[in-house]
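Next up, target.txt (compact mmCIF, C-alpha atoms):
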```txt
# COMPACT_ATOMS: atom_id res chain seq x y z
CA MET T 14 -41.12 81.25 31.34
CA SER T 15 -41.98 84.26 33.40
CA ARG T 16 -39.19 86.64 34.21
CA ARG T 17 -41.31 88.88 36.41
CA GLY T 18 -40.52 87.34 39.76
CA LEU T 19 -43.91 88.54 40.97
CA LEU T 20 -44.33 88.72 44.75
CA LEU T 21 -47.71 87.88 46.24
CA MET T 22 -48.99 87.76 49.78
CA GLY T 23 -51.52 85.15 50.78
CA GLN T 24 -52.65 82.70 53.37
CA CYS T 25 -51.52 79.09 53.61
CA MET T 26 -54.29 76.52 53.22
CA PRO T 27 -54.33 72.84 54.22
CA CYS T 28 -52.72 70.81 51.45
CA ILE T 29 -51.94 67.13 50.99
CA LYS T 30 -49.23 67.69 48.38
CA GLN T 31 -45.73 66.80 49.55
CA ASN T 32 -43.09 69.56 49.42
CA ALA T 33 -45.61 72.14 48.30
CA SER T 34 -47.95 74.53 50.07
CA LYS T 35 -51.28 75.77 48.82
CA ILE T 36 -51.53 79.53 49.08
CA ARG T 37 -54.76 81.47 48.82
CA ILE T 38 -54.55 84.95 47.33
CA ARG T 39 -57.70 86.86 48.13
CA ARG T 40 -58.63 89.89 46.09
CA MET T 41 -61.77 91.98 45.80
CA GLU T 42 -63.56 91.96 42.49
CA LEU T 43 -66.04 94.56 41.33
CA ASP T 44 -69.39 93.28 40.24
CA LYS T 45 -70.42 95.93 37.72
CA ASN T 46 -74.03 94.93 37.82
CA LEU T 47 -74.42 95.46 41.56
CA ASN T 48 -71.58 97.99 41.83
CA MET T 49 -70.22 96.05 44.79
CA TYR T 50 -66.98 94.33 45.58
CA PHE T 51 -66.87 90.59 46.28
CA LYS T 52 -64.09 88.36 47.50
CA LYS T 53 -62.31 86.37 44.84
CA ASP T 54 -59.83 83.63 45.69
CA GLU T 55 -56.94 82.41 43.62
CA PHE T 56 -54.91 79.40 44.63
CA TYR T 57 -51.22 78.91 43.93
CA PHE T 58 -48.94 76.03 44.80
CA ALA T 59 -45.61 77.16 46.22
CA HIS T 60 -42.53 74.99 46.45
CA ASP T 61 -41.83 74.34 50.13
CA PRO T 62 -39.84 71.14 50.80
CA GLN T 63 -39.21 71.94 54.49
CA LYS T 64 -42.87 72.86 55.07
CA VAL T 65 -41.98 76.16 56.67
CA CYS T 66 -45.48 77.51 56.39
CA LYS T 67 -48.31 75.92 58.28
CA THR T 68 -52.05 76.23 57.77
CA GLY T 69 -53.22 79.78 58.35
CA ASP T 70 -49.86 81.52 58.12
CA VAL T 71 -49.63 84.70 56.06
CA VAL T 72 -46.75 84.22 53.62
CA LEU T 73 -44.98 85.95 50.76
CA ILE T 74 -44.57 83.87 47.61
CA LYS T 75 -42.46 84.61 44.58
CA GLU T 76 -43.02 83.47 41.04
CA LEU T 77 -40.40 80.99 39.85
CA PRO T 78 -38.57 81.76 36.58
CA ASP T 79 -39.73 78.36 35.27
CA ARG T 80 -42.57 76.35 36.67
CA LEU T 81 -41.26 73.40 38.67
CA THR T 82 -44.09 71.00 37.92
CA ARG T 83 -47.47 71.36 36.28
CA LEU T 84 -48.82 72.76 39.57
CA ILE T 85 -45.94 74.38 41.39
CA THR T 86 -45.33 77.84 40.00
CA HIS T 87 -44.15 79.77 43.05
CA ASN T 88 -41.64 79.64 45.84
CA VAL T 89 -42.24 80.48 49.49
CA GLU T 90 -40.21 83.59 50.17
CA LYS T 91 -41.02 84.36 53.79
CA VAL T 92 -43.53 83.66 56.53
CA VAL T 93 -44.75 87.14 57.39
CA TYR T 94 -47.22 86.33 60.16
CA PRO T 95 -47.42 82.85 61.68
CA LEU T 96 -51.02 82.14 62.72
CA GLY T 97 -51.70 83.13 66.32
CA ASP T 98 -48.16 84.30 66.92
CA ILE T 99 -48.29 87.89 65.74
CA THR T 100 -45.44 90.33 66.24
CA ASP T 101 -46.27 94.02 66.16
CA PRO T 102 -44.17 95.46 63.31
CA LEU T 103 -43.72 98.85 65.01
CA THR T 104 -42.55 97.80 68.47
CA GLY T 105 -41.42 94.25 67.74
CA LYS T 106 -43.44 92.88 70.65
CA LYS T 107 -45.74 89.89 70.56
CA VAL T 108 -49.43 90.69 70.41
CA VAL T 109 -52.63 88.89 71.39
CA VAL T 110 -55.68 90.54 69.82
CA GLY T 111 -55.51 94.09 71.28
CA LYS T 112 -52.91 93.63 74.00
CA TYR T 113 -49.19 92.98 74.24
CA ARG T 114 -48.26 89.65 75.76
CA GLU T 115 -46.04 91.51 78.21
CA ASP T 116 -48.99 93.49 79.54
CA ILE T 117 -51.07 90.35 80.03
CA GLU T 118 -48.19 88.73 81.83
CA MET T 119 -47.73 91.79 84.04
CA ALA T 120 -51.40 91.77 85.02
CA ASN T 121 -51.11 88.08 85.89
CA GLN T 122 -48.09 88.75 88.07
CA LEU T 123 -49.93 91.55 89.86
CA PHE T 124 -52.87 89.30 90.66
CA GLY T 125 -50.54 86.48 91.65
CA LYS T 126 -49.99 84.12 88.76
CA SER T 127 -51.33 80.60 89.18
CA GLU T 128 -48.85 77.71 89.23
CA LYS T 129 -50.76 75.74 86.62
CA ALA T 130 -51.29 78.71 84.29
CA PHE T 131 -49.95 78.81 80.77
CA ASP T 132 -46.41 80.09 80.29
CA TYR T 133 -45.16 81.32 76.91
CA ASP T 134 -41.52 80.48 77.73
CA LYS T 135 -42.32 76.82 78.27
CA ALA T 136 -44.53 76.50 75.19
CA PRO T 137 -42.99 74.25 72.50
CA PRO T 138 -43.23 75.31 68.84
CA ARG T 139 -46.46 74.73 66.96
CA GLY T 140 -47.28 71.33 65.55
CA ARG T 141 -46.84 68.83 68.39
CA LEU T 142 -50.56 67.96 68.52
CA GLU T 143 -50.94 67.46 64.78
CA GLY T 144 -52.83 64.27 64.13
CA THR T 145 -53.72 63.64 67.77
CA LYS T 146 -55.74 66.62 69.02
CA ASP T 147 -55.30 69.32 66.41
CA PHE T 148 -56.53 68.41 62.94
CA THR T 149 -56.15 71.78 61.24
CA HIS T 150 -53.24 70.69 59.05
CA GLY T 151 -55.58 68.82 56.71
CA GLU T 152 -58.98 69.24 55.16
CA THR T 153 -61.88 67.63 56.96
CA TYR T 154 -64.83 66.05 55.21
CA ILE T 155 -68.23 64.70 56.12
CA LYS T 156 -67.96 60.97 56.74
CA TYR T 157 -69.56 59.13 53.84
CA HIS T 158 -68.38 55.56 54.26
CA GLU T 159 -67.82 53.15 57.14
CA ASP T 160 -64.83 50.98 56.32
CA GLY T 161 -63.86 49.89 59.82
CA LYS T 162 -60.65 51.90 59.70
CA ASP T 163 -59.96 55.04 61.64
CA GLN T 164 -60.73 58.17 59.61
CA PRO T 165 -59.13 61.08 61.47
CA PHE T 166 -60.34 63.79 59.12
CA ALA T 167 -63.94 62.62 58.96
CA VAL T 168 -66.42 64.82 60.78
CA MET J 1 -89.04 45.75 14.16
CA ASN J 2 -86.69 42.81 13.79
CA LYS J 3 -84.20 45.04 12.06
CA LEU J 4 -84.25 47.47 14.93
CA LEU J 5 -83.70 44.66 17.44
CA ASN J 6 -80.78 43.37 15.46
CA ILE J 7 -79.19 46.81 15.44
CA ALA J 8 -79.73 47.13 19.19
CA GLN J 9 -78.07 43.78 19.82
CA ALA J 10 -75.15 44.61 17.55
CA VAL J 11 -74.40 47.84 19.42
CA PRO J 12 -72.20 47.22 22.50
CA ARG J 13 -74.01 47.27 25.80
CA GLN J 14 -72.28 50.38 27.14
CA PHE J 15 -73.75 52.48 24.34
CA VAL J 16 -77.24 51.29 25.11
CA ARG J 17 -77.11 52.07 28.82
CA GLU J 18 -75.82 55.60 28.73
CA TYR J 19 -78.41 56.66 31.25
CA ALA J 20 -78.50 55.21 34.78
CA PHE J 21 -75.15 53.54 34.34
CA LYS J 22 -74.57 50.73 36.80
CA SER J 23 -71.06 49.78 37.75
CA ASP J 24 -69.96 46.13 37.72
CA LEU J 25 -67.37 46.74 40.44
CA LYS J 26 -67.93 44.93 43.69
CA ILE J 27 -67.78 47.97 45.93
CA LYS J 28 -69.86 47.79 49.05
CA TRP J 29 -70.98 51.03 50.55
CA VAL J 30 -71.85 51.17 54.24
CA ARG J 31 -73.71 54.23 55.39
CA PRO J 32 -71.99 55.63 58.47
CA GLU J 33 -74.17 55.43 61.51
CA LYS J 34 -75.46 58.72 62.82
CA ILE J 35 -73.82 59.87 66.03
CA ALA J 36 -75.87 62.20 68.19
CA CYS J 37 -74.46 65.72 68.32
CA TYR J 38 -74.01 65.66 72.08
CA LYS J 39 -71.91 62.48 72.23
CA PRO J 40 -68.27 62.89 73.26
CA GLU J 41 -66.98 61.45 69.97
CA LYS J 42 -68.81 64.22 68.13
CA SER J 43 -68.07 67.04 70.56
CA GLY J 44 -64.38 66.15 70.77
CA ASP J 45 -64.14 65.37 74.48
CA LEU J 46 -61.46 62.78 75.13
CA GLY J 47 -61.28 63.21 78.89
CA LYS J 48 -63.90 62.44 81.48
CA LEU J 49 -64.88 64.08 84.72
CA PRO J 50 -63.00 62.74 87.73
CA PRO J 51 -65.05 60.51 90.03
CA LEU J 52 -66.67 62.37 92.88
CA LYS J 53 -65.28 61.88 96.35
CA PRO J 54 -68.08 60.70 98.66
CA ASP J 55 -67.67 63.26 101.44
CA GLU J 56 -66.96 66.35 99.39
CA LEU J 57 -68.55 69.43 100.91
CA LEU J 58 -70.49 72.09 99.05
CA LEU J 59 -68.53 74.81 97.31
CA ASP J 60 -69.58 77.56 99.72
CA PHE J 61 -68.91 75.47 102.84
CA LYS J 62 -65.52 74.09 101.83
CA ASP J 63 -63.47 76.08 104.37
CA CYS J 64 -66.21 76.52 106.93
CA LYS J 65 -64.75 76.37 110.44
CA ALA J 66 -68.07 75.82 112.17
CA LEU J 67 -68.58 72.61 110.18
CA GLU J 68 -65.24 71.11 111.20
CA ASN J 69 -66.35 70.31 114.72
CA ALA J 70 -70.01 69.82 113.84
CA ASP J 71 -71.98 66.67 114.36
CA GLU J 72 -71.81 64.02 111.58
CA SER J 73 -75.54 64.33 110.86
CA VAL J 74 -75.18 68.09 110.41
CA LYS J 75 -72.12 67.64 108.24
CA SER J 76 -73.89 65.22 105.94
CA GLN J 77 -76.40 67.97 105.17
CA TYR J 78 -73.61 69.85 103.41
CA LYS J 79 -72.22 66.97 101.41
CA LEU J 80 -72.51 67.10 97.61
CA SER J 81 -74.17 63.72 97.40
CA ASN J 82 -77.01 64.88 99.63
CA ASN J 83 -77.68 68.04 97.68
CA ALA J 84 -79.07 69.11 94.32
CA SER J 85 -77.31 68.05 91.13
CA TYR J 86 -76.59 71.59 89.97
CA LEU J 87 -74.36 72.11 93.01
CA THR J 88 -72.19 69.19 91.90
CA THR J 89 -71.99 70.79 88.46
CA GLN J 90 -70.87 74.02 90.11
CA PHE J 91 -68.25 72.11 92.05
CA TYR J 92 -66.84 70.50 88.90
CA ARG J 93 -66.94 73.80 87.06
CA ASP J 94 -64.90 75.47 89.74
CA GLU J 95 -62.37 72.64 89.79
CA MET J 96 -61.84 72.80 86.06
CA VAL J 97 -61.54 76.57 85.95
CA LYS J 98 -58.90 76.41 88.66
CA GLU J 99 -56.89 74.04 86.47
CA VAL J 100 -56.56 76.52 83.66
CA GLN J 101 -57.11 80.04 85.04
CA ARG J 102 -54.37 82.66 84.88
CA HIS J 103 -54.68 83.79 88.50
CA ALA J 104 -57.00 83.14 91.42
CA GLN J 105 -59.45 85.90 90.41
CA ASP J 106 -59.56 84.96 86.75
CA TYR J 107 -62.96 83.65 85.62
CA GLY J 108 -63.32 85.65 82.40
CA SER J 109 -60.31 84.85 80.25
CA MET J 110 -60.74 82.57 77.26
CA GLU J 111 -59.10 79.62 79.05
CA ALA J 112 -61.33 80.03 82.09
CA LYS J 113 -64.42 80.24 79.89
CA LEU J 114 -63.41 77.12 77.98
CA GLY J 115 -62.71 75.26 81.22
CA LYS J 116 -66.09 76.24 82.59
CA MET J 117 -67.91 75.18 79.45
CA THR J 118 -66.06 71.89 79.27
CA ALA J 119 -67.00 70.97 82.83
CA ILE J 120 -70.67 71.74 82.17
CA ILE J 121 -70.63 69.89 78.86
CA ARG J 122 -69.18 66.74 80.41
CA ARG J 123 -71.64 66.93 83.26
CA TYR J 124 -74.55 67.26 80.81
CA GLN J 125 -73.22 64.40 78.71
CA VAL J 126 -73.39 62.12 81.73
CA HIS J 127 -76.95 63.34 82.32
CA MET J 128 -77.91 62.70 78.68
CA ASP J 129 -76.68 59.11 78.88
CA ALA J 130 -79.00 58.52 81.79
CA HIS J 131 -81.92 60.56 80.39
CA PRO J 132 -81.78 60.44 76.59
CA ARG J 133 -85.18 62.12 76.21
CA ASP J 134 -84.36 65.26 78.15
CA LYS J 135 -84.82 67.77 75.33
CA MET J 136 -84.06 70.86 77.37
CA ILE J 137 -80.64 69.69 78.44
CA LYS J 138 -79.98 68.39 74.94
CA VAL J 139 -80.58 71.81 73.44
CA ARG J 140 -78.47 73.54 76.05
CA LEU J 141 -75.71 71.00 75.59
CA LYS J 142 -75.68 71.35 71.81
CA GLU J 143 -75.52 75.12 72.05
CA LEU J 144 -72.70 74.95 74.56
CA ILE J 145 -70.68 72.54 72.41
CA GLU J 146 -71.07 74.79 69.40
CA LYS J 147 -70.12 77.86 71.39
CA ARG J 148 -67.04 76.12 72.74
CA LYS J 149 -66.04 75.18 69.22
CA LYS J 150 -66.40 78.80 68.14
CA PHE J 151 -64.28 79.97 71.05
CA LEU J 152 -61.61 77.42 70.20
CA LYS J 153 -61.61 78.74 66.65
CA TYR J 154 -61.07 82.29 67.93
CA LEU J 155 -58.37 81.25 70.35
CA ARG J 156 -56.51 79.42 67.60
CA ARG J 157 -56.46 82.58 65.51
CA TRP J 158 -55.41 84.81 68.39
CA ASP J 159 -52.88 82.75 70.26
CA TYR J 160 -51.72 79.43 68.88
CA PRO J 161 -49.43 78.30 71.77
CA ARG J 162 -52.24 78.87 74.24
CA PHE J 163 -54.71 77.02 71.99
CA GLU J 164 -52.48 73.96 71.88
CA TRP J 165 -51.94 74.12 75.62
CA ILE J 166 -55.66 74.26 76.34
CA LEU J 167 -56.36 71.32 74.02
CA GLU J 168 -53.85 69.27 75.95
CA LYS J 169 -54.99 70.46 79.34
CA LEU J 170 -58.72 69.90 78.78
CA GLU J 171 -58.18 66.85 76.53
CA LEU J 172 -60.15 68.17 73.61
CA VAL J 173 -59.96 67.46 69.91
CA TYR J 174 -60.31 70.32 67.48
CA LYS J 175 -61.38 69.57 63.91
CA PRO J 176 -62.10 72.48 61.59
CA PRO J 177 -65.52 72.38 59.92
CA PRO J 178 -65.70 70.95 56.37
CA THR J 179 -65.63 73.50 53.57
CA HIS J 180 -69.21 72.88 52.50
CA PHE J 181 -72.19 70.95 53.73
CA HIS J 182 -73.87 68.19 51.74
CA TRP J 183 -76.14 65.32 52.58
CA ILE J 184 -74.66 61.84 52.37
CA THR J 185 -76.18 60.05 49.39
CA ARG J 186 -75.65 56.58 48.02
CA LYS J 187 -74.82 57.85 44.57
CA GLU J 188 -72.21 60.41 45.57
CA SER J 189 -70.56 58.09 48.08
CA LEU J 190 -70.32 55.33 45.51
CA GLN J 191 -68.81 57.78 43.04
CA LYS J 192 -66.15 58.73 45.58
CA LEU J 193 -65.45 55.11 46.45
CA THR J 194 -65.12 54.23 42.77
CA ASP J 195 -62.71 57.10 42.29
CA THR J 196 -60.49 55.91 45.13
CA TYR J 197 -60.72 52.33 43.83
CA CYS J 198 -59.54 53.43 40.38
CA GLU J 199 -56.80 55.56 41.91
CA ASN J 200 -55.52 52.61 43.94
CA LEU J 201 -55.68 50.31 40.93
CA LYS J 202 -53.65 52.76 38.89
CA GLU J 203 -51.00 53.06 41.56
CA GLU J 204 -50.85 49.29 42.05
CA ARG J 205 -50.32 48.67 38.35
CA LEU J 206 -47.72 51.41 38.05
CA GLU J 207 -45.89 49.92 41.02
CA ALA J 208 -46.00 46.44 39.49
CA TYR J 209 -44.67 47.78 36.19
CA HIS J 210 -41.92 49.62 38.03
CA LYS J 211 -40.91 46.42 39.78
CA GLN J 212 -40.91 44.55 36.49
CA LEU J 213 -38.62 47.13 34.89
CA GLN J 214 -36.33 47.07 37.91
CA ALA J 215 -36.02 43.29 37.68
CA GLN J 216 -34.87 43.66 34.06
CA GLN J 217 -32.11 46.14 34.95
CA ILE J 218 -29.45 43.68 36.13
CA PRO J 219 -29.69 41.18 33.24
CA PHE J 220 -29.73 44.08 30.79
CA LEU J 221 -26.56 45.62 32.23
CA GLU J 222 -24.75 42.27 32.30
CA GLU J 223 -25.67 41.73 28.67
CA ALA J 224 -24.65 45.26 27.75
CA ILE J 225 -21.21 44.93 29.37
CA LYS J 226 -20.55 41.68 27.54
CA LYS J 227 -21.57 43.19 24.22
CA MET J 228 -19.56 46.35 24.77
CA GLN J 229 -16.45 44.35 25.58
CA PHE J 230 -16.98 42.20 22.50
CA VAL J 231 -17.49 45.22 20.22
CA ARG J 232 -14.41 46.94 21.61
CA GLN J 233 -12.22 43.89 21.06
CA GLU J 234 -13.53 43.42 17.56
CA GLN J 235 -12.93 47.07 16.73
CA ILE J 236 -9.34 46.91 18.02
CA SER J 237 -8.57 43.68 16.20
CA CYS J 238 -10.09 44.93 12.92
CA ASP J 239 -8.32 48.32 13.08
CA VAL J 240 -11.57 50.25 12.89
CA PRO J 241 -11.95 53.52 14.86
CA VAL J 242 -12.84 52.50 18.43
CA THR J 243 -16.23 53.85 19.56
CA VAL J 244 -16.60 52.02 22.89
CA THR J 245 -14.26 53.41 25.55
CA GLU J 246 -12.99 51.71 28.69
CA GLU J 247 -14.70 54.38 30.74
CA GLN J 248 -18.10 53.46 29.38
CA ILE J 249 -17.58 49.83 30.34
CA ALA J 250 -16.31 50.77 33.79
CA ASP J 251 -19.31 53.02 34.24
CA SER J 252 -21.76 50.25 33.47
CA LYS J 253 -19.88 47.89 35.78
CA ARG J 254 -20.14 50.38 38.61
CA GLN J 255 -23.87 50.72 38.00
CA LEU J 256 -24.23 46.96 38.06
CA ALA J 257 -22.35 46.69 41.36
CA GLN J 258 -24.58 49.36 42.89
CA LEU J 259 -27.73 47.62 41.75
CA LYS J 260 -26.56 44.27 43.11
CA GLU J 261 -25.71 45.83 46.45
CA LEU J 262 -29.17 47.37 46.64
CA GLN J 263 -30.78 44.06 45.81
CA GLN J 264 -28.76 42.25 48.50
CA ALA J 265 -29.66 44.87 51.10
CA GLU J 266 -33.34 44.52 50.25
CA ALA J 267 -33.20 40.73 50.41
CA ALA J 268 -31.45 40.87 53.79
CA ALA J 269 -34.06 43.30 55.15
CA SER J 270 -36.97 41.16 53.95
CA SER J 271 -35.46 37.95 55.35
CA GLN J 272 -34.88 39.66 58.70
CA LYS J 273 -38.49 40.80 58.74
CA GLN J 274 -39.69 37.28 57.97
CA ASN J 275 -37.56 35.92 60.79
CA GLU J 276 -39.01 38.43 63.21
CA ASP J 277 -42.53 37.61 62.09
CA SER J 278 -42.01 33.88 62.55
CA PHE J 279 -40.39 34.53 65.93
CA ASN J 280 -43.39 36.51 67.06
```
Whole structure, structure tokens version:
Amino acid sequence: MSRRGLLLMGQCMPCIKQNASKIRIRRMELDKNLNMYFKKDEFYFAHDPQKVCKTGDVVLIKELPDRLTRLITHNVEKVVYPLGDITDPLTGKKVVVGKYREDIEMANQLFGKSEKAFDYDKAPPRGRLEGTKDFTHGETYIKYHEDGKDQPFAV
Amino acid sequence: MNKLLNIAQAVPRQFVREYAFKSDLKIKWVRPEKIACYKPEKSGDLGKLPPLKPDELLLDFKDCKALENADESVKSQYKLSNNASYLTTQFYRDEMVKEVQRHAQDYGSMEAKLGKMTAIIRRYQVHMDAHPRDKMIKVRLKELIEKRKKFLKYLRRWDYPRFEWILEKLELVYKPPPTHFHWITRKESLQKLTDTYCENLKEERLEAYHKQLQAQQIPFLEEAIKKMQFVRQEQISCDVPVTVTEEQIADSKRQLAQLKELQQAEAAASSQKQNEDSFN
């Protein structure tokens, strides 16, 4: 229907839908009564059969010319910032909070890096602990029923 | 009055009980048992502290040269088992920090902090099992667990590879908090259970209907091929314009062959499974 091809940037949210990702677009909305801005979330479902975007990633989505299903209206264009794996757009170096990873590594070398310490080169890509130790790929809920089965997402 | 009663009886039951509707479904709700906040299953600790070696020396006297040649009675004064409990905690804390620290002087990085907290938490958890009424330790422990969770949340946002590494190294489980808090009530839980029950029922019935339709496919195609062939022959023999082509018939035959192959494959798979089950 829409011929706009609108591009939006948002954050990927946990989603149980297969081959789709739930994207949160957060805008500020003016409350005229209080004359203050408040956060306002909109959720879109973007077609993503390979599941390129994981929970927390900042992604660009593009409006599809025709909606694919009743829910899926967008397409994942690009993962701009993977969560916790930020590249500085100016220098192209990896960043951790306020420091370059290189600088941290250099400091470690100067102090004499420990054998057991974490090494970025050996780190496998994200997602190996999903379902065993890291449960951020789904939504958790407060446990309301004891059915004898294992409920991994119950808190 | 009698008239009114008659009307009430004539009206179906569901209209009468609009309020306080009670379901006839046999769904049994079991309230989940409360787990104390300091327990490992709640705090996400999968690993345990290593057992203490009996003649481990105090942290400050580990590499003491004077103690090496000292008398056994003097040496025993500096053993962990003969000293205060907090010194053992310190010992464990140091061990765990050394597992994850970046370099020998590092005690302030996020990994080191998490290692330190984890050691203390596990030590306190052991204490709480032995002394469940120790309120002071309980409060400290709860605060530490919550702080560690917050730090894990930060680390995940800052540096995902390191976050995953630390989860593996310290054997922790990270579950994000639920979106909103609510008390567990009988009514709401039963509503949720009923919803899932209905959802399952729907899927089951759809699946059954799907199977039923699939079973009809092969007989239908066989019948259709026969009829198409008959119609074609009749049309040719009666000199009427032919509407059924050879291609159409061949197409249906191909479909039939595919379906039969699929069925055979499924049957073979199921029989193999049965064999394996009986063998086991």
**Message:** Based on all atoms listed in the file, which of the residues in chain J come within 10 Å of chain T? I want them as a VMD selection string.
**Reply:** chain J and resid 28 to 34 41 to 42 44 46 98 to 106 111 154 to 169 171 to 186 188 to 190 192 to 193
Arg93 (chain J) surroundings by all atoms listed in the file, 10 Å radius, close-in-sequence under 2 positions cut, as a PDB file with C-alpha atoms, in the coordinates of the input:
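For reference, selection.pdb as written:
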```pdb
ATOM      1  CA  LEU J  87     -74.360  72.110  93.010  1.00  0.00           C
ATOM      2  CA  THR J  88     -72.190  69.190  91.900  1.00  0.00           C
ATOM      3  CA  THR J  89     -71.990  70.790  88.460  1.00  0.00           C
ATOM      4  CA  GLN J  90     -70.870  74.020  90.110  1.00  0.00           C
ATOM      5  CA  PHE J  91     -68.250  72.110  92.050  1.00  0.00           C
ATOM      6  CA  GLU J  95     -62.370  72.640  89.790  1.00  0.00           C
ATOM      7  CA  MET J  96     -61.840  72.800  86.060  1.00  0.00           C
ATOM      8  CA  VAL J  97     -61.540  76.570  85.950  1.00  0.00           C
ATOM      9  CA  LYS J  98     -58.900  76.410  88.660  1.00  0.00           C
ATOM     10  CA  ALA J 112     -61.330  80.030  82.090  1.00  0.00           C
ATOM     11  CA  LYS J 113     -64.420  80.240  79.890  1.00  0.00           C
ATOM     12  CA  GLY J 115     -62.710  75.260  81.220  1.00  0.00           C
ATOM     13  CA  LYS J 116     -66.090  76.240  82.590  1.00  0.00           C
ATOM     14  CA  MET J 117     -67.910  75.180  79.450  1.00  0.00           C
ATOM     15  CA  THR J 118     -66.060  71.890  79.270  1.00  0.00           C
ATOM     16  CA  ALA J 119     -67.000  70.970  82.830  1.00  0.00           C
ATOM     17  CA  ILE J 120     -70.670  71.740  82.170  1.00  0.00           C
ATOM     18  CA  ILE J 121     -70.630  69.890  78.860  1.00  0.00           C
ATOM     19  CA  ARG J 122     -69.180  66.740  80.410  1.00  0.00           C
ATOM     20  CA  ARG J 123     -71.640  66.930  83.260  1.00  0.00           C
TER      21      ARG J 123
END
```
**Request:** Kindly give the distance, in Å, that separates CA of Leu80 (chain J) and CA of Leu59 (chain J), rounded to a single decimal.
**Result:** 8.7 Å
**Message:** Could you list, as a PyMOL selection string, every residue within 9 Å of region 145-147 of chain J, counting all atoms listed in the file and ignoring same-chain residues fewer than 2 positions away?
**Reply:** chain J and resi 37-38+43+117-118+121+140-143+149-152
Using C-alpha atoms, can you write the selected residues to a file as an mmCIF file, in the coordinates of the input?
```cif
data_model
loop_
_atom_site.group_PDB
_atom_site.id
_atom_site.type_symbol
_atom_site.label_atom_id
_atom_site.label_comp_id
_atom_site.auth_asym_id
_atom_site.auth_seq_id
_atom_site.Cartn_x
_atom_site.Cartn_y
_atom_site.Cartn_z
ATOM 1 C CA CYS J 37 -74.460 65.720 68.320
ATOM 2 C CA TYR J 38 -74.010 65.660 72.080
ATOM 3 C CA SER J 43 -68.070 67.040 70.560
ATOM 4 C CA MET J 117 -67.910 75.180 79.450
ATOM 5 C CA THR J 118 -66.060 71.890 79.270
ATOM 6 C CA ILE J 121 -70.630 69.890 78.860
ATOM 7 C CA ARG J 140 -78.470 73.540 76.050
ATOM 8 C CA LEU J 141 -75.710 71.000 75.590
ATOM 9 C CA LYS J 142 -75.680 71.350 71.810
ATOM 10 C CA GLU J 143 -75.520 75.120 72.050
ATOM 11 C CA LYS J 149 -66.040 75.180 69.220
ATOM 12 C CA LYS J 150 -66.400 78.800 68.140
ATOM 13 C CA PHE J 151 -64.280 79.970 71.050
ATOM 14 C CA LEU J 152 -61.610 77.420 70.200
#
```
**Asked** Could you work out how far CA of Arg40 (chain T) lies from CA of Thr100 (chain T), giving the answer in Å with one decimal?
**Response**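 CA of Thr100 (chain T) sits 24.1 Å away from CA of Arg40 (chain T).
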**Asked** Can you tell me how far CA of Lys162 (chain T) sits from CA of Ile27 (chain J), in Å to one decimal?
**Response**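 So the answer is 16.0 Å.
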**Item:** Residue with smallest distance to Gln24 (chain T) - pool T:Lys67, T:Ile74, T:Ile36, T:Asp61, counting only C-alpha atoms
**Value:** T:Ile36
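Minimum atom-to-atom distance to Met26 (chain T), evaluated using only C-alpha atoms, belongs to T:Thr68 out of T:Thr68, T:His60, T:Leu47, T:Lys75.
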With C-alpha atoms as the atom set, please write region 238-258 of chain J from the structure just given, as a PDB file, in the first residue's frame.
```
ATOM      1  CA  CYS J 238     -17.904 -37.804 -29.533  1.00  0.00           C
ATOM      2  CA  ASP J 239     -15.992 -35.205 -31.601  1.00  0.00           C
ATOM      3  CA  VAL J 240     -16.611 -32.446 -29.080  1.00  0.00           C
ATOM      4  CA  PRO J 241     -13.897 -29.805 -28.455  1.00  0.00           C
ATOM      5  CA  VAL J 242     -11.431 -31.394 -26.011  1.00  0.00           C
ATOM      6  CA  THR J 243     -11.144 -29.472 -22.731  1.00  0.00           C
ATOM      7  CA  VAL J 244      -8.984 -31.894 -20.722  1.00  0.00           C
ATOM      8  CA  THR J 245      -5.375 -31.933 -21.943  1.00  0.00           C
ATOM      9  CA  GLU J 246      -2.776 -34.656 -21.501  1.00  0.00           C
ATOM     10  CA  GLU J 247      -0.654 -32.211 -19.549  1.00  0.00           C
ATOM     11  CA  GLN J 248      -3.331 -31.761 -16.923  1.00  0.00           C
ATOM     12  CA  ILE J 249      -3.551 -35.507 -16.403  1.00  0.00           C
ATOM     13  CA  ALA J 250       0.227 -35.864 -16.259  1.00  0.00           C
ATOM     14  CA  ASP J 251       0.363 -33.037 -13.756  1.00  0.00           C
ATOM     15  CA  SER J 252      -2.106 -34.719 -11.426  1.00  0.00           C
ATOM     16  CA  LYS J 253      -0.240 -38.016 -11.774  1.00  0.00           C
ATOM     17  CA  ARG J 254       2.994 -36.344 -10.775  1.00  0.00           C
ATOM     18  CA  GLN J 255       1.301 -34.813  -7.734  1.00  0.00           C
ATOM     19  CA  LEU J 256      -0.058 -38.209  -6.777  1.00  0.00           C
ATOM     20  CA  ALA J 257       3.385 -39.818  -7.058  1.00  0.00           C
ATOM     21  CA  GLN J 258       4.876 -37.099  -4.858  1.00  0.00           C
TER      22      GLN J 258
END
```
